[in-house]
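Everything below concerns the one structure shown next.
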Amino acid sequence: MKTLYGMLLCVLIANVSFSQETTETKKDTLKTVTILDEVIVTGNKKTDPVMTSVKNNYVEKIVQPKNVADLFNSINGFSVIKRGNYAIDPSFRASKYEQLNIQYDGGTKAMHACPNRMDPITTHIIPEDIARIEIIKGPYTVRYGATFGGVINMVTQKPDYEDYGIHGKVSAGYESNGNSIVNLAQLQYIKETFDIVANAGYRDFGNYKDGNEVEIPSSFRSTDYGIKIGYNLSEDQRIQAHWRQSFGRDVLHAALPMDTEYDNSSIISLDYKLNNIGRIVKSFTAKTYYSYVDHLMSNSNRPSFMMMEASSAVDATTIGGKLELNWKPFSKLNMFTGLDAIHISRDGSRTRLVKVMNGNVLPTPMTFNDKVWQNSYITDLGLFTEAKYNLSSSTIFTAGIRYDQVVSDIQDPEDDFAAMYDLKKRTEHNISGTVSIKKSVSDNFIIEAAYGRGVRSANMIERFINHFNVGQDPYEYIGNPNLKAEVNNQFEIGFNGNKNFKNGINAFKYGASFYYSLFENYIVGIIDPAISRKFNPMAQPTNVKVFQNLDEAYKTGFEAMFQVDFLKDYYYKTEVSYVYAKNKDLAESLPLTPPLTTRLTIGFDKNNYWANLQYNVVSKQDDISRSFGEIETDGYQTLDFRLGLTPIKNITLGLAVINIFDEAYNNHLNFSFTNQENFDRTPITEPGRNFSVFLQYKF
């Protein structure tokens, strides 16, 4: 089997990568250029997946420095899981972590090295380099890897093919709450046959203060750079390489037991596409990528340092790729067939210098070494085919099926972990699929219905972690290499439309999605009273949690939106999202389920200036998972103001006031303060009032 995976990766590297059929015509005599499949939602109803949404004004409407959370907080249905101002994970419809298929540019991935997720995939790129975020709202496509709860594709900025020569931009931003600064410089050079885009950024965020003027340990520094080189072999053929590195330094995590001393990541991807191959075979695409994350954390700034010094050096390697063929056996049938692979390996250890044991100061400190990842790996090889059939000029039927072979192994287990399980290399066989229909009832109204079966094998934490605190609660967690794969049977119906008017009201836009998910083998940590803590055994709680499968769990919910455009340039928009999730085995909610959230926005958008006022209403969350350590959280209301203008050609100025009324609050998904002096174990609070300014110059 190793030989098979090796051959596949060699083929991927040899062939490099392709993409979906999109072309742009340059001005005047500029030639047509083949565009790679960096985007998966093109605005073409005949090729786009169903149940999609796009947030695509990050570049045009920059008005403030962006932290990772800002990329998702304004998207309906999203929340963020925070452990500080750096370790932030997106949550969509209560799906999180590996339940979401998060990627860059149509397939590139970088997995975290830290078991506490100090370095999720969202930290390995400059937020200002994100041009748009595309969301597939459930397991409604099989083309982009194994998908359980949805696909998130973060698309980086691409070359501007409108003109040849040298172009670029520089930007700088400042936030008052934390005295935070961001800087970015980008340069691109475009010729007929090749193009280069390079960028570099620096971010320095200080500790912010919440609405009660309490300073939250959350500072960090990061330096990032990247270079993207594309070469047009012909009008129908393009190859592109993308290299980027990110260096995080001195990152404080308010809700984790240690801080990050450094987090270094390197990502390289190679893409190739060939269009217009023949009458039946339309295009071939290929992608390969490699990422490496080197991470060091320690407790040198924590109260526990006086009793025990701890540092942990861990690393993660991700290798993957994809080959895909687009072919049309006849005019009404459009098919995508291919294979993809991802290999994730992690290793590292924690060194503890114990100075105090059982309340007594040791005359000579004792040194212990704990295996964190136990030299483990997971490899997923997938085969898929997806077909789109035009039932009529206004109706498209989509069906897809996918097979994943998942191989996992632990190569250097701790003795106590090996004593718990019969550790052998394990192979799983997962089948997922989807069927959907999209109907254009009129030019102004579309309705969609879909079913998807998404299958997710357990991640490395759930399989192989050994007596580490990785949850929101203070329990030690133990992995389970025998976990069954989670299954999400998701049903959804959605619609969107618009109506044009005159006499002051220009348009009325609306849309909604309603979904129900029935879970099989849902994975959660459950208290095992027969196993005691391994580290600091006198601390509470004295028992541990072991990851197990649940038989009965489900979720249901909706998102809805309507917008009125009036007086030509003005608009009012309301967005609402709600999810209800139930763990019937434990008679409680599934963990990290966000409350009802409503956003009310009024604004205007003119050629050279724009502004909006957003009122955020988040309800109380008292339907909680007590077994996960959750507590009830109060509702809150905040008001944000954003203004952007172009006072001079090529110069953009942005101003913002976030949390205008200096509300003191915490999001329900926030983790609790951990190992912090002067803080109880309560959810970390959000920033108070924050003034920001952002300046960008293009040339």
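In the structure tokens, chains take the letters A, B, ... in the order shown, each chain's residues start at 1, and ligands count up from 1 in the order shown.
Using only C-alpha atoms, the protein and nucleic acid residues lying no more than 8 Å from segment 94-96 of chain A, apart from those fewer than 4 places from it along its own chain, are A:Asp89, A:Pro90, A:Leu100, A:Gly149, A:Val579, A:Ala581, A:Leu592, A:Thr593, A:Pro594.
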Give me, as a tab-separated table (two decimals) with N, CA and C atoms, in the first residue's frame, the residues of segment 196-362 of chain A that a backbone DSSP run labels strand (DSSP E).
```tsv
chain	number	residue	atom	x	y	z
A	196	ILE	N	4.00	36.98	-12.29
A	196	ILE	CA	4.55	36.79	-10.95
A	196	ILE	C	3.80	37.71	-9.98
A	197	VAL	N	3.39	37.16	-8.87
A	197	VAL	CA	2.79	37.95	-7.80
A	197	VAL	C	3.54	37.61	-6.51
A	198	ALA	N	4.03	38.63	-5.83
A	198	ALA	CA	4.75	38.43	-4.57
A	198	ALA	C	4.16	39.36	-3.52
A	199	ASN	N	4.10	38.88	-2.28
A	199	ASN	CA	3.62	39.73	-1.20
A	199	ASN	C	4.38	39.43	0.07
A	200	ALA	N	4.35	40.39	0.96
A	200	ALA	CA	4.96	40.23	2.27
A	200	ALA	C	4.16	41.05	3.27
A	201	GLY	N	4.01	40.52	4.48
A	201	GLY	CA	3.23	41.22	5.49
A	201	GLY	C	3.80	41.04	6.87
A	202	TYR	N	3.49	42.00	7.73
A	202	TYR	CA	3.92	41.95	9.13
A	202	TYR	C	2.74	42.38	9.98
A	203	ARG	N	2.49	41.65	11.08
A	203	ARG	CA	1.38	41.93	11.98
A	203	ARG	C	1.88	41.91	13.41
A	204	ASP	N	1.52	42.91	14.17
A	204	ASP	CA	1.92	43.00	15.57
A	204	ASP	C	0.68	43.41	16.37
A	205	PHE	N	0.07	42.42	17.04
A	205	PHE	CA	-1.14	42.66	17.82
A	205	PHE	C	-0.79	42.64	19.30
A	208	TYR	N	-5.53	43.01	24.05
A	208	TYR	CA	-6.68	43.91	23.98
A	208	TYR	C	-7.36	44.00	25.35
A	209	LYS	N	-8.22	45.00	25.49
A	209	LYS	CA	-9.04	45.16	26.69
A	209	LYS	C	-10.50	44.87	26.35
A	215	GLU	N	-7.54	43.70	30.77
A	215	GLU	CA	-6.59	43.36	29.71
A	215	GLU	C	-6.53	41.84	29.54
A	216	ILE	N	-6.72	41.37	28.31
A	216	ILE	CA	-6.73	39.95	27.99
A	216	ILE	C	-5.41	39.57	27.34
A	220	PHE	N	0.43	38.89	19.81
A	220	PHE	CA	1.22	38.02	18.92
A	220	PHE	C	1.86	38.86	17.84
A	221	ARG	N	2.88	38.29	17.23
A	221	ARG	CA	3.53	38.88	16.07
A	221	ARG	C	3.61	37.80	14.98
A	222	SER	N	3.46	38.20	13.74
A	222	SER	CA	3.63	37.25	12.64
A	222	SER	C	4.20	37.97	11.43
A	223	THR	N	5.05	37.25	10.73
A	223	THR	CA	5.64	37.73	9.48
A	223	THR	C	5.33	36.70	8.40
A	224	ASP	N	4.86	37.17	7.26
A	224	ASP	CA	4.45	36.26	6.19
A	224	ASP	C	4.96	36.79	4.86
A	225	TYR	N	5.23	35.87	3.96
A	225	TYR	CA	5.52	36.26	2.59
A	225	TYR	C	5.11	35.12	1.66
A	226	GLY	N	4.89	35.46	0.40
A	226	GLY	CA	4.51	34.44	-0.57
A	226	GLY	C	4.84	34.90	-1.97
A	227	ILE	N	5.01	33.96	-2.87
A	227	ILE	CA	5.27	34.26	-4.27
A	227	ILE	C	4.52	33.24	-5.13
A	228	LYS	N	3.83	33.75	-6.14
A	228	LYS	CA	3.05	32.92	-7.05
A	228	LYS	C	3.55	33.19	-8.47
A	229	ILE	N	3.98	32.12	-9.16
A	229	ILE	CA	4.52	32.24	-10.51
A	229	ILE	C	3.69	31.39	-11.45
A	230	GLY	N	3.17	32.00	-12.52
A	230	GLY	CA	2.39	31.27	-13.51
A	230	GLY	C	3.00	31.37	-14.89
A	231	TYR	N	2.90	30.29	-15.65
A	231	TYR	CA	3.44	30.27	-17.00
A	231	TYR	C	2.39	29.68	-17.94
A	232	ASN	N	2.07	30.40	-19.00
A	232	ASN	CA	1.09	29.96	-19.98
A	232	ASN	C	1.80	29.21	-21.10
A	233	LEU	N	1.71	27.89	-21.06
A	233	LEU	CA	2.35	27.07	-22.08
A	233	LEU	C	1.71	27.28	-23.44
A	234	SER	N	0.42	27.59	-23.44
A	234	SER	CA	-0.33	27.91	-24.65
A	234	SER	C	-1.61	28.60	-24.20
A	237	GLN	N	-3.31	26.08	-21.90
A	237	GLN	CA	-2.49	25.31	-20.97
A	237	GLN	C	-1.71	26.25	-20.06
A	238	ARG	N	-1.81	25.99	-18.76
A	238	ARG	CA	-1.13	26.85	-17.79
A	238	ARG	C	-0.59	26.01	-16.64
A	239	ILE	N	0.56	26.43	-16.14
A	239	ILE	CA	1.17	25.83	-14.97
A	239	ILE	C	1.49	26.94	-13.97
A	240	GLN	N	1.33	26.65	-12.70
A	240	GLN	CA	1.51	27.69	-11.67
A	240	GLN	C	2.09	27.09	-10.40
A	241	ALA	N	3.03	27.80	-9.80
A	241	ALA	CA	3.62	27.40	-8.53
A	241	ALA	C	3.36	28.49	-7.50
A	242	HIS	N	3.08	28.07	-6.28
A	242	HIS	CA	2.79	29.02	-5.20
A	242	HIS	C	3.56	28.58	-3.95
A	243	TRP	N	4.40	29.49	-3.44
A	243	TRP	CA	5.20	29.22	-2.25
A	243	TRP	C	4.91	30.31	-1.22
A	244	ARG	N	4.67	29.92	0.04
A	244	ARG	CA	4.47	30.90	1.08
A	244	ARG	C	4.96	30.35	2.42
A	245	GLN	N	5.40	31.27	3.27
A	245	GLN	CA	5.83	30.93	4.61
A	245	GLN	C	5.23	31.92	5.60
A	246	SER	N	5.00	31.43	6.81
A	246	SER	CA	4.47	32.26	7.88
A	246	SER	C	5.25	31.97	9.15
A	247	PHE	N	5.55	33.02	9.90
A	247	PHE	CA	6.36	32.88	11.11
A	247	PHE	C	5.64	33.60	12.26
A	248	GLY	N	5.02	32.83	13.15
A	248	GLY	CA	4.37	33.39	14.33
A	248	GLY	C	5.34	33.42	15.50
A	249	ARG	N	5.29	34.48	16.28
A	249	ARG	CA	6.21	34.64	17.40
A	249	ARG	C	5.48	35.17	18.63
A	250	ASP	N	5.87	34.63	19.79
A	250	ASP	CA	5.43	35.13	21.10
A	250	ASP	C	3.90	35.28	21.14
A	251	VAL	N	3.22	34.19	20.84
A	251	VAL	CA	1.76	34.19	20.77
A	251	VAL	C	1.20	33.80	22.14
A	259	ASP	N	1.72	28.86	25.92
A	259	ASP	CA	1.79	29.86	24.86
A	259	ASP	C	2.72	29.38	23.75
A	260	THR	N	2.62	30.02	22.60
A	260	THR	CA	3.46	29.67	21.46
A	260	THR	C	4.71	30.53	21.46
A	261	GLU	N	5.87	29.89	21.49
A	261	GLU	CA	7.12	30.63	21.34
A	261	GLU	C	7.39	30.91	19.87
A	262	TYR	N	7.20	29.88	19.04
A	262	TYR	CA	7.26	30.13	17.60
A	262	TYR	C	6.39	29.12	16.88
A	263	ASP	N	5.90	29.53	15.72
A	263	ASP	CA	5.12	28.66	14.85
A	263	ASP	C	5.52	29.00	13.42
A	264	ASN	N	6.28	28.11	12.79
A	264	ASN	CA	6.79	28.32	11.44
A	264	ASN	C	6.09	27.37	10.47
A	265	SER	N	5.56	27.90	9.41
A	265	SER	CA	4.90	27.05	8.42
A	265	SER	C	5.42	27.37	7.02
A	266	SER	N	5.53	26.32	6.21
A	266	SER	CA	5.93	26.44	4.81
A	266	SER	C	4.94	25.66	3.96
A	267	ILE	N	4.44	26.29	2.90
A	267	ILE	CA	3.45	25.66	2.02
A	267	ILE	C	3.86	25.89	0.59
A	268	ILE	N	3.92	24.82	-0.18
A	268	ILE	CA	4.18	24.94	-1.62
A	268	ILE	C	3.12	24.14	-2.36
A	269	SER	N	2.62	24.71	-3.44
A	269	SER	CA	1.63	24.02	-4.27
A	269	SER	C	1.98	24.21	-5.73
A	270	LEU	N	1.59	23.26	-6.54
A	270	LEU	CA	1.88	23.27	-7.97
A	270	LEU	C	0.60	22.86	-8.70
A	271	ASP	N	0.17	23.69	-9.65
A	271	ASP	CA	-1.08	23.47	-10.36
A	271	ASP	C	-0.86	23.49	-11.87
A	272	TYR	N	-1.68	22.72	-12.55
A	272	TYR	CA	-1.59	22.67	-14.01
A	272	TYR	C	-2.98	22.44	-14.58
A	273	LYS	N	-3.27	23.06	-15.73
A	273	LYS	CA	-4.56	22.86	-16.38
A	273	LYS	C	-4.40	22.84	-17.89
A	274	LEU	N	-5.17	21.95	-18.51
A	274	LEU	CA	-5.23	21.87	-19.97
A	274	LEU	C	-6.70	21.92	-20.37
A	281	VAL	N	-13.60	14.79	-24.08
A	281	VAL	CA	-12.75	15.17	-22.96
A	281	VAL	C	-12.47	16.67	-23.05
A	282	LYS	N	-12.96	17.42	-22.08
A	282	LYS	CA	-12.88	18.88	-22.15
A	282	LYS	C	-11.63	19.45	-21.48
A	283	SER	N	-11.30	18.97	-20.30
A	283	SER	CA	-10.15	19.52	-19.61
A	283	SER	C	-9.60	18.51	-18.62
A	284	PHE	N	-8.34	18.72	-18.27
A	284	PHE	CA	-7.67	17.90	-17.28
A	284	PHE	C	-7.01	18.83	-16.28
A	285	THR	N	-7.17	18.58	-15.01
A	285	THR	CA	-6.55	19.40	-13.98
A	285	THR	C	-5.76	18.53	-13.03
A	286	ALA	N	-4.72	19.11	-12.45
A	286	ALA	CA	-3.92	18.39	-11.47
A	286	ALA	C	-3.36	19.36	-10.45
A	287	LYS	N	-3.21	18.90	-9.25
A	287	LYS	CA	-2.67	19.72	-8.16
A	287	LYS	C	-1.84	18.84	-7.25
A	288	THR	N	-0.74	19.38	-6.76
A	288	THR	CA	0.01	18.74	-5.70
A	288	THR	C	0.49	19.81	-4.73
A	289	TYR	N	0.60	19.46	-3.46
A	289	TYR	CA	1.02	20.43	-2.46
A	289	TYR	C	1.74	19.74	-1.32
A	290	TYR	N	2.51	20.54	-0.60
A	290	TYR	CA	3.27	20.07	0.57
A	290	TYR	C	3.28	21.19	1.59
A	291	SER	N	3.03	20.84	2.85
A	291	SER	CA	3.13	21.84	3.92
A	291	SER	C	3.82	21.23	5.13
A	292	TYR	N	4.55	22.08	5.83
A	292	TYR	CA	5.26	21.64	7.04
A	292	TYR	C	5.10	22.72	8.10
A	293	VAL	N	4.69	22.31	9.31
A	293	VAL	CA	4.51	23.24	10.42
A	293	VAL	C	5.41	22.81	11.57
A	294	ASP	N	6.22	23.74	12.04
A	294	ASP	CA	7.16	23.50	13.14
A	294	ASP	C	6.73	24.41	14.29
A	295	HIS	N	6.40	23.81	15.44
A	295	HIS	CA	5.72	24.56	16.50
A	295	HIS	C	6.38	24.28	17.85
A	296	LEU	N	6.62	25.35	18.62
A	296	LEU	CA	7.16	25.22	19.97
A	296	LEU	C	6.29	26.01	20.93
A	297	MET	N	5.84	25.34	22.00
A	297	MET	CA	5.03	26.00	23.02
A	297	MET	C	5.65	25.75	24.39
A	298	SER	N	5.38	26.67	25.32
A	298	SER	CA	5.92	26.52	26.68
A	298	SER	C	5.02	27.25	27.66
A	308	MET	N	6.41	23.59	37.73
A	308	MET	CA	6.84	22.68	36.66
A	308	MET	C	7.11	23.48	35.40
A	309	GLU	N	8.29	23.33	34.86
A	309	GLU	CA	8.61	23.93	33.56
A	309	GLU	C	8.22	22.93	32.47
A	310	ALA	N	7.49	23.42	31.46
A	310	ALA	CA	7.04	22.54	30.38
A	310	ALA	C	7.26	23.21	29.04
A	311	SER	N	7.76	22.47	28.11
A	311	SER	CA	7.89	22.94	26.73
A	311	SER	C	7.61	21.77	25.80
A	312	SER	N	7.03	22.07	24.66
A	312	SER	CA	6.65	21.01	23.73
A	312	SER	C	6.98	21.44	22.31
A	313	ALA	N	7.82	20.65	21.66
A	313	ALA	CA	8.18	20.88	20.25
A	313	ALA	C	7.49	19.82	19.41
A	314	VAL	N	6.62	20.25	18.52
A	314	VAL	CA	5.84	19.32	17.69
A	314	VAL	C	5.89	19.79	16.25
A	315	ASP	N	5.60	18.88	15.34
A	315	ASP	CA	5.59	19.23	13.92
A	315	ASP	C	4.51	18.45	13.20
A	316	ALA	N	4.09	18.99	12.07
A	316	ALA	CA	3.07	18.34	11.24
A	316	ALA	C	3.46	18.48	9.78
A	317	THR	N	3.34	17.38	9.04
A	317	THR	CA	3.62	17.37	7.60
A	317	THR	C	2.35	16.96	6.87
A	318	THR	N	1.99	17.72	5.84
A	318	THR	CA	0.82	17.41	5.02
A	318	THR	C	1.25	17.35	3.56
A	319	ILE	N	0.95	16.24	2.90
A	319	ILE	CA	1.26	16.06	1.48
A	319	ILE	C	-0.02	15.61	0.79
A	320	GLY	N	-0.31	16.21	-0.34
A	320	GLY	CA	-1.54	15.81	-1.02
A	320	GLY	C	-1.57	16.24	-2.46
A	321	GLY	N	-2.65	15.89	-3.12
A	321	GLY	CA	-2.81	16.27	-4.51
A	321	GLY	C	-4.11	15.75	-5.08
A	322	LYS	N	-4.32	16.10	-6.34
A	322	LYS	CA	-5.58	15.75	-6.99
A	322	LYS	C	-5.38	15.70	-8.49
A	323	LEU	N	-6.02	14.73	-9.14
A	323	LEU	CA	-6.11	14.63	-10.59
A	323	LEU	C	-7.59	14.58	-10.95
A	324	GLU	N	-8.00	15.38	-11.93
A	324	GLU	CA	-9.41	15.39	-12.31
A	324	GLU	C	-9.58	15.58	-13.80
A	325	LEU	N	-10.53	14.83	-14.36
A	325	LEU	CA	-10.86	14.89	-15.77
A	325	LEU	C	-12.30	15.39	-15.91
A	326	ASN	N	-12.48	16.42	-16.73
A	326	ASN	CA	-13.82	16.92	-17.05
A	326	ASN	C	-14.18	16.44	-18.46
A	327	TRP	N	-15.28	15.71	-18.57
A	327	TRP	CA	-15.65	15.18	-19.87
A	327	TRP	C	-17.17	15.24	-20.05
A	328	LYS	N	-17.58	15.36	-21.32
A	328	LYS	CA	-19.00	15.48	-21.67
A	328	LYS	C	-19.33	14.43	-22.72
A	329	PRO	N	-19.86	13.26	-22.28
A	329	PRO	CA	-20.23	12.22	-23.24
A	329	PRO	C	-21.26	12.70	-24.26
A	330	PHE	N	-22.17	13.56	-23.80
A	330	PHE	CA	-23.09	14.22	-24.72
A	330	PHE	C	-23.48	15.56	-24.12
A	333	LEU	N	-24.85	16.17	-20.47
A	333	LEU	CA	-24.19	15.51	-19.34
A	333	LEU	C	-22.76	16.03	-19.20
A	334	ASN	N	-22.47	16.59	-18.03
A	334	ASN	CA	-21.15	17.12	-17.73
A	334	ASN	C	-20.60	16.35	-16.53
A	335	MET	N	-19.44	15.68	-16.71
A	335	MET	CA	-18.93	14.78	-15.68
A	335	MET	C	-17.53	15.19	-15.23
A	336	PHE	N	-17.27	14.93	-13.94
A	336	PHE	CA	-15.96	15.17	-13.35
A	336	PHE	C	-15.53	13.88	-12.65
A	337	THR	N	-14.39	13.34	-13.05
A	337	THR	CA	-13.90	12.08	-12.51
A	337	THR	C	-12.44	12.26	-12.10
A	338	GLY	N	-12.08	11.70	-10.96
A	338	GLY	CA	-10.69	11.87	-10.56
A	338	GLY	C	-10.34	11.13	-9.29
A	339	LEU	N	-9.15	11.40	-8.80
A	339	LEU	CA	-8.66	10.85	-7.55
A	339	LEU	C	-7.89	11.92	-6.80
A	340	ASP	N	-7.89	11.82	-5.49
A	340	ASP	CA	-7.12	12.74	-4.67
A	340	ASP	C	-6.51	11.98	-3.50
A	341	ALA	N	-5.53	12.58	-2.88
A	341	ALA	CA	-4.84	11.94	-1.76
A	341	ALA	C	-4.37	13.00	-0.78
A	342	ILE	N	-4.36	12.64	0.50
A	342	ILE	CA	-3.78	13.49	1.53
A	342	ILE	C	-3.13	12.60	2.57
A	343	HIS	N	-1.91	12.96	2.93
A	343	HIS	CA	-1.15	12.23	3.95
A	343	HIS	C	-0.77	13.21	5.04
A	344	ILE	N	-1.16	12.91	6.29
A	344	ILE	CA	-0.87	13.77	7.43
A	344	ILE	C	-0.04	12.98	8.43
A	345	SER	N	1.11	13.50	8.79
A	345	SER	CA	1.94	12.86	9.80
A	345	SER	C	2.35	13.90	10.84
A	346	ARG	N	2.40	13.46	12.09
A	346	ARG	CA	2.76	14.36	13.18
A	346	ARG	C	3.66	13.63	14.17
A	347	ASP	N	4.53	14.40	14.80
A	347	ASP	CA	5.38	13.85	15.85
A	347	ASP	C	5.77	14.99	16.79
A	348	GLY	N	6.43	14.64	17.88
A	348	GLY	CA	6.87	15.64	18.84
A	348	GLY	C	6.66	15.16	20.26
A	349	SER	N	7.24	15.89	21.19
A	349	SER	CA	7.18	15.48	22.60
A	349	SER	C	7.09	16.71	23.49
A	350	ARG	N	6.76	16.47	24.74
A	350	ARG	CA	6.73	17.51	25.76
A	350	ARG	C	7.74	17.16	26.84
A	351	THR	N	8.56	18.13	27.21
A	351	THR	CA	9.54	17.95	28.28
A	351	THR	C	9.06	18.70	29.52
A	352	ARG	N	9.00	17.99	30.64
A	352	ARG	CA	8.58	18.59	31.91
A	352	ARG	C	9.70	18.52	32.93
A	353	LEU	N	10.00	19.65	33.54
A	353	LEU	CA	10.95	19.72	34.64
A	353	LEU	C	10.14	19.98	35.91
A	354	VAL	N	9.88	18.92	36.69
A	354	VAL	CA	9.00	19.00	37.86
A	354	VAL	C	9.81	19.48	39.06
A	355	LYS	N	9.36	20.59	39.65
A	355	LYS	CA	10.05	21.18	40.79
A	355	LYS	C	9.33	20.89	42.10
A	356	VAL	N	8.01	20.71	42.03
A	356	VAL	CA	7.20	20.44	43.22
A	356	VAL	C	6.35	19.21	42.95
A	357	MET	N	6.37	18.26	43.88
A	357	MET	CA	5.58	17.04	43.70
A	357	MET	C	4.83	16.76	45.01
A	360	ASN	N	5.43	19.09	47.87
A	360	ASN	CA	6.78	19.20	48.43
A	360	ASN	C	7.76	19.65	47.36
A	361	VAL	N	8.63	20.61	47.73
A	361	VAL	CA	9.67	21.08	46.82
A	361	VAL	C	10.75	20.02	46.70
A	362	LEU	N	11.03	19.62	45.50
A	362	LEU	CA	12.04	18.58	45.27
A	362	LEU	C	13.44	19.20	45.35
```
*Shell of 7 Å around His112 of chain A, only C-alpha atoms, local chain residues under 2 positions omitted, as a PyMOL selection string*: chain A and resi 110+114+117+119-121+293+316
I need the chosen residues saved as a PDB file, in the first residue's frame, with C-alpha atoms.
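Below you can see again.pdb, which holds the result:
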```pdb
ATOM      1  CA  ALA A 110      -1.976  22.765   5.922  1.00  0.00           C
ATOM      2  CA  CYS A 114      -0.334  21.678  18.134  1.00  0.00           C
ATOM      3  CA  ARG A 117      -4.969  23.862  17.870  1.00  0.00           C
ATOM      4  CA  ASP A 119      -2.026  26.939  14.835  1.00  0.00           C
ATOM      5  CA  PRO A 120      -5.116  26.081  12.754  1.00  0.00           C
ATOM      6  CA  ILE A 121      -5.031  26.365   8.973  1.00  0.00           C
ATOM      7  CA  VAL A 293       4.507  23.238  10.422  1.00  0.00           C
ATOM      8  CA  ALA A 316       3.068  18.341  11.236  1.00  0.00           C
TER       9      ALA A 316
END
```
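Backbone DSSP over segment 340-438 of chain A yields helix (DSSP H, G or I) at Asp415, Asp416, Phe417, Ala418, Ala419 and Met420 of chain A.
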Please produce a file of those selected residues containing all heavy atoms, as an mmCIF file, in the first residue's frame.
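Contents of the output file again_6.cif:
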```cif
data_model
loop_
_atom_site.group_PDB
_atom_site.id
_atom_site.type_symbol
_atom_site.label_atom_id
_atom_site.label_comp_id
_atom_site.auth_asym_id
_atom_site.auth_seq_id
_atom_site.Cartn_x
_atom_site.Cartn_y
_atom_site.Cartn_z
ATOM 1 N N ASP A 415 3.901 3.479 26.542
ATOM 2 C CA ASP A 415 3.611 2.143 27.073
ATOM 3 C C ASP A 415 2.174 2.031 27.574
ATOM 4 O O ASP A 415 1.503 1.014 27.348
ATOM 5 C CB ASP A 415 4.586 1.811 28.203
ATOM 6 C CG ASP A 415 6.016 1.628 27.704
ATOM 7 O OD1 ASP A 415 6.182 1.376 26.491
ATOM 8 O OD2 ASP A 415 6.949 1.747 28.520
ATOM 9 N N ASP A 416 1.682 3.071 28.275
ATOM 10 C CA ASP A 416 0.324 2.979 28.818
ATOM 11 C C ASP A 416 -0.724 2.994 27.707
ATOM 12 O O ASP A 416 -1.771 2.353 27.805
ATOM 13 C CB ASP A 416 0.070 4.089 29.838
ATOM 14 C CG ASP A 416 0.240 5.476 29.254
ATOM 15 O OD1 ASP A 416 0.874 5.609 28.190
ATOM 16 O OD2 ASP A 416 -0.262 6.444 29.867
ATOM 17 N N PHE A 417 -0.460 3.723 26.615
ATOM 18 C CA PHE A 417 -1.400 3.746 25.497
ATOM 19 C C PHE A 417 -1.399 2.395 24.783
ATOM 20 O O PHE A 417 -2.454 1.873 24.406
ATOM 21 C CB PHE A 417 -1.033 4.870 24.524
ATOM 22 C CG PHE A 417 -2.115 5.193 23.523
ATOM 23 C CD1 PHE A 417 -3.193 5.979 23.878
ATOM 24 C CD2 PHE A 417 -2.053 4.709 22.231
ATOM 25 C CE1 PHE A 417 -4.190 6.280 22.962
ATOM 26 C CE2 PHE A 417 -3.042 5.002 21.307
ATOM 27 C CZ PHE A 417 -4.122 5.791 21.671
ATOM 28 N N ALA A 418 -0.218 1.824 24.614
ATOM 29 C CA ALA A 418 -0.127 0.507 23.976
ATOM 30 C C ALA A 418 -0.806 -0.561 24.811
ATOM 31 O O ALA A 418 -1.338 -1.546 24.266
ATOM 32 C CB ALA A 418 1.344 0.143 23.738
ATOM 33 N N ALA A 419 -0.814 -0.383 26.141
ATOM 34 C CA ALA A 419 -1.467 -1.366 27.003
ATOM 35 C C ALA A 419 -2.989 -1.291 26.901
ATOM 36 O O ALA A 419 -3.684 -2.275 27.187
ATOM 37 C CB ALA A 419 -1.021 -1.156 28.455
ATOM 38 N N MET A 420 -3.520 -0.144 26.491
ATOM 39 C CA MET A 420 -4.973 0.024 26.394
ATOM 40 C C MET A 420 -5.549 -0.625 25.134
ATOM 41 O O MET A 420 -6.694 -1.091 25.139
ATOM 42 C CB MET A 420 -5.338 1.512 26.381
ATOM 43 C CG MET A 420 -5.210 2.213 27.709
ATOM 44 S SD MET A 420 -5.816 3.924 27.603
ATOM 45 C CE MET A 420 -7.559 3.642 27.245
#
```
*Please, what distance in Å, to one decimal, runs between atom CA of Lys698 of chain A and atom CA of Val657 of chain A?*
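So the answer is 24.5 Å.
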*May I have the residues within 8 Å of segment 679-692 of chain A as a count of residues only, using only C-alpha atoms and disregarding those fewer than 4 positions away in the same chain?*
37
Segment 454-513 of chain A near segment 47-56 of chain A within 10 Å: what's each residue's closest atom pair and its distance in Å to one decimal, counting only C-alpha atoms, ordered by chain then ascending residue number, as JSON lines?
```
{"residue": "A:Glu492", "atom": "CA", "partner": "A:Met51", "partner_atom": "CA", "distance": 8.4}
{"residue": "A:Ile493", "atom": "CA", "partner": "A:Met51", "partner_atom": "CA", "distance": 8.5}
{"residue": "A:Gly494", "atom": "CA", "partner": "A:Met51", "partner_atom": "CA", "distance": 7.2}
{"residue": "A:Phe495", "atom": "CA", "partner": "A:Met51", "partner_atom": "CA", "distance": 9.0}
{"residue": "A:Ser513", "atom": "CA", "partner": "A:Met51", "partner_atom": "CA", "distance": 8.1}
```
*Quick one: distance from atom CA of Asn503 of chain A to atom CA of Gln563 of chain A in Å, one decimal?*
16.8 Å
*So how many Å separate atom CA of Gln186 of chain A and atom CA of Leu643 of chain A, to one decimal?*
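About the pair atom CA of Gln186 of chain A and atom CA of Leu643 of chain A: they are 23.4 Å apart.
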